[in-house]
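Have a look at the structure below, then the notes.
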Amino acid sequence: MASSRKITLRSSDGESFEVEEAVAVESQTIKHMIEDDCADNAIPLPNVTSKILAKVIEYCKKHVDASKAEDRVNDEDLKAWDAAFIKVDQVDQATLFDLILAANYLNIKSLLDLTCQTVADMIKGNLFPVRNEWLNFTFSIANRELVLVCLTEWVAHRRLFCS
Amino acid sequence: MSSYDEVLKAVFPFLDGADLASCMAVCKQWREIAKDDYFWKCLCARRWPSICKRPNSFRVTYYKLYQTFRKRQQRQALLPPRLCFEDLEFFIDIWTEDKLMFSEVVPGPLLEAGIKNPPSGASEGIRLHLECPQYKMTLPVDPRFTVAFSQNLTVSVLVRRKDSNRVACIINNSLFGYTDRTSNRFMAYEYLDFSPLYPFTSNTRAWISLLFMDKDQNEGVIDVFGIEVDFCDAANSKEEVLWLLDMLDWK
């Protein structure tokens, strides 16, 4: 018997989002907060910006709706929706990272699996740009020769300056 | 711990071993994270789930465990043998029913050197046999001796090692009974006795052959110009032969 209780979530930049309880408790973190009775006022989420929170809510809503009897969406369609949701030209890398962090913090397993698997696939496919902080440029892990050269220089430079 | 690190730590469990190993090669930061044994423990648990039932009972890290057993071991190169031919002496005795035909102490290096030039009466088949890469120890017999197939020829071969003065048996009074007409060899064999340190090595034979000239075969008499000892069942290189000899039951 789902009560249509509305929960207010507040992002780190002060924006408020009102969602149904069923959607909010997709997040285990929020679920525990509600159970511990911390949810009378808005639930503050200091680690999540409004941009990301909006996407997370979109995801949770879709998944809650998909499992409701009236709007029964089959698995294939949901998977397709997930794929479109996470598609890399829709979601830039920074957003993808923030989604992983948010899913981790909010403890939404399915979203975490989806986002991490996407990044894992990018790593496997050598499409993942890596910023090397010391040398301050970005390269793809496909350029392994470049990695070797850079690491050698890093080591050599280190010897010179850090002995 | 930066948020970038957090993301990597969330993503790495989704990679398989080869990809995680590649991540270790990307840069120092990735390496620091990817080498955490936790990820490798997860990979081991996926590959060999029963491992989880004994969580802390391995001498090596899960990283090492995964790396070692992930693939079939390639055939390891043999360690350098502990013996060398300089250390060995072979006692070779060949009898017919009533006469000792050949009785010599052969130093290892002589057998190692082998027969450089088969005499001119030797067949093509023998030359090919001597040249083929399967390792064999050969000895020229000079002066040559003649025997008939009908005579019951028996042979014994003992070997002594100079490092410990111990002796092992290679051939224990075996009868020559097999003829290879392609390579003109009259052969005897013996199953080797190994030291109890090596319990599962059986059915490995030592072969000894009399190499004879290419004539008079039909008369049942052979003109022997050389002796060959080989272990073609199991050892086909010099190092393998030396290891095999090392494993014998030395007394």
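Here's how to read the names in the structure tokens: chain A, B, ... by the order shown, residue numbers from 1 in each chain, ligand numbers from 1 in the order shown.
Proximity to Ile170 in chain B at 9 Å, evaluated using only C-alpha atoms and with sequence-adjacent residues fewer than 3 positions away removed, yields Ser156, Val157, Leu158, Val159, Glu190, Tyr191, Leu192, Asp193, Arg205, Ala206, Leu245 and Leu248 of chain B.
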Polymer residues at most 7 Å from Glu18 in chain A, only C-alpha atoms, same-chain spacing of 2 or more positions, as an MDAnalysis selection string: chainID A and resid 6:9 16
Interface residues on chain A facing chain B, 7 Å, only C-alpha atoms, written as a PyMOL selection string: chain A and resi 97+100-101+116-117+119-120+124+141+147
Contact check, range 18-79 of chain A to range 103-107 of chain A, at most 8 Å, counting only C-alpha atoms, closest pairs as a tab-separated table:
```
residue	atom	partner	partner_atom	distance
A:Ser27	CA	A:Leu106	CA	5.3
A:Gln28	CA	A:Asn107	CA	5.3
A:Thr29	CA	A:Leu106	CA	5.1
A:Ile30	CA	A:Leu106	CA	6.9
A:Asn47	CA	A:Tyr105	CA	7.7
A:Val56	CA	A:Ala103	CA	7.8
```
Create the file for the chosen residues now, containing N, CA and C atoms and written as a short mmCIF file (atom, residue, chain, number, x, y, z; two decimals), in the first residue's frame.
```
data_model
loop_
_atom_site.label_atom_id
_atom_site.label_comp_id
_atom_site.auth_asym_id
_atom_site.auth_seq_id
_atom_site.Cartn_x
_atom_site.Cartn_y
_atom_site.Cartn_z
N SER A 27 16.98 5.01 -3.16
CA SER A 27 18.27 5.23 -2.51
C SER A 27 18.22 4.64 -1.11
N GLN A 28 19.11 3.68 -0.85
CA GLN A 28 19.13 3.05 0.47
C GLN A 28 19.49 4.07 1.54
N THR A 29 20.34 5.02 1.17
CA THR A 29 20.75 6.05 2.13
C THR A 29 19.54 6.85 2.59
N ILE A 30 18.75 7.31 1.61
CA ILE A 30 17.56 8.09 1.95
C ILE A 30 16.56 7.23 2.71
N ASN A 47 26.46 16.28 -0.95
CA ASN A 47 27.43 15.78 -1.93
C ASN A 47 26.91 15.77 -3.35
N VAL A 56 19.55 11.76 -11.27
CA VAL A 56 19.33 10.60 -10.41
C VAL A 56 17.84 10.37 -10.21
#
```
Leu79 in chain B surroundings by only C-alpha atoms, 9 Å radius, close-in-sequence under 3 positions cut, as an MDAnalysis selection string: chainID B and resid 76 82 239
Would you export the selected residues with N, CA and C atoms as an mmCIF file, in the first residue's frame, please?
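Ended up saving to out.cif:
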```cif
data_model
loop_
_atom_site.group_PDB
_atom_site.id
_atom_site.type_symbol
_atom_site.label_atom_id
_atom_site.label_comp_id
_atom_site.auth_asym_id
_atom_site.auth_seq_id
_atom_site.Cartn_x
_atom_site.Cartn_y
_atom_site.Cartn_z
ATOM 1 N N GLN B 76 57.727 -24.917 -18.498
ATOM 2 C CA GLN B 76 58.832 -24.158 -17.912
ATOM 3 C C GLN B 76 60.134 -24.604 -18.544
ATOM 4 N N ARG B 82 72.165 -30.505 -12.644
ATOM 5 C CA ARG B 82 73.174 -30.510 -11.603
ATOM 6 C C ARG B 82 74.381 -31.334 -11.997
ATOM 7 N N GLU B 239 70.222 -31.424 -21.784
ATOM 8 C CA GLU B 239 69.834 -31.068 -20.410
ATOM 9 C C GLU B 239 68.852 -32.085 -19.851
#
```
Those in range 4-179 of chain B with helix (DSSP H, G or I) from DSSP, as a ChimeraX atom specification: /B:4-14,17-24,28-34,37-47,49-53,62-69,85-87,108-113,124-131
Exercise: Val141 in chain B partners within 7 Å, only C-alpha atoms, chain neighbours under 5 positions left out, as JSON, numbers by chain: {"B": [225, 226, 227]}
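Of the listed residues (B:Leu65, B:Cys84, B:Leu111, B:Ile92), B:Ile92 comes nearest to Cys169 in chain B; the distances count only C-alpha atoms.
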All residues 10 Å or closer to Ser4 in chain A, only C-alpha atoms, same chain fewer than 6 positions away omitted, as a ChimeraX atom specification: /A:19-22
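Pairwise distance (CA of Phe69 in chain B, CA of Asp37 in chain B) equals 15.8 Å.
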Among listed residues B:Leu175, B:Leu197, B:Val224, B:Leu78, nearest Met101 in chain B (using only C-alpha atoms): B:Val224
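Rounded to one decimal, CA of Ser237 in chain B and CA of Thr201 in chain B lie 17.9 Å from each other.
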Length of the CA of Arg144 in chain B to CA of Asp223 in chain B vector [Å]: 6.6 Å
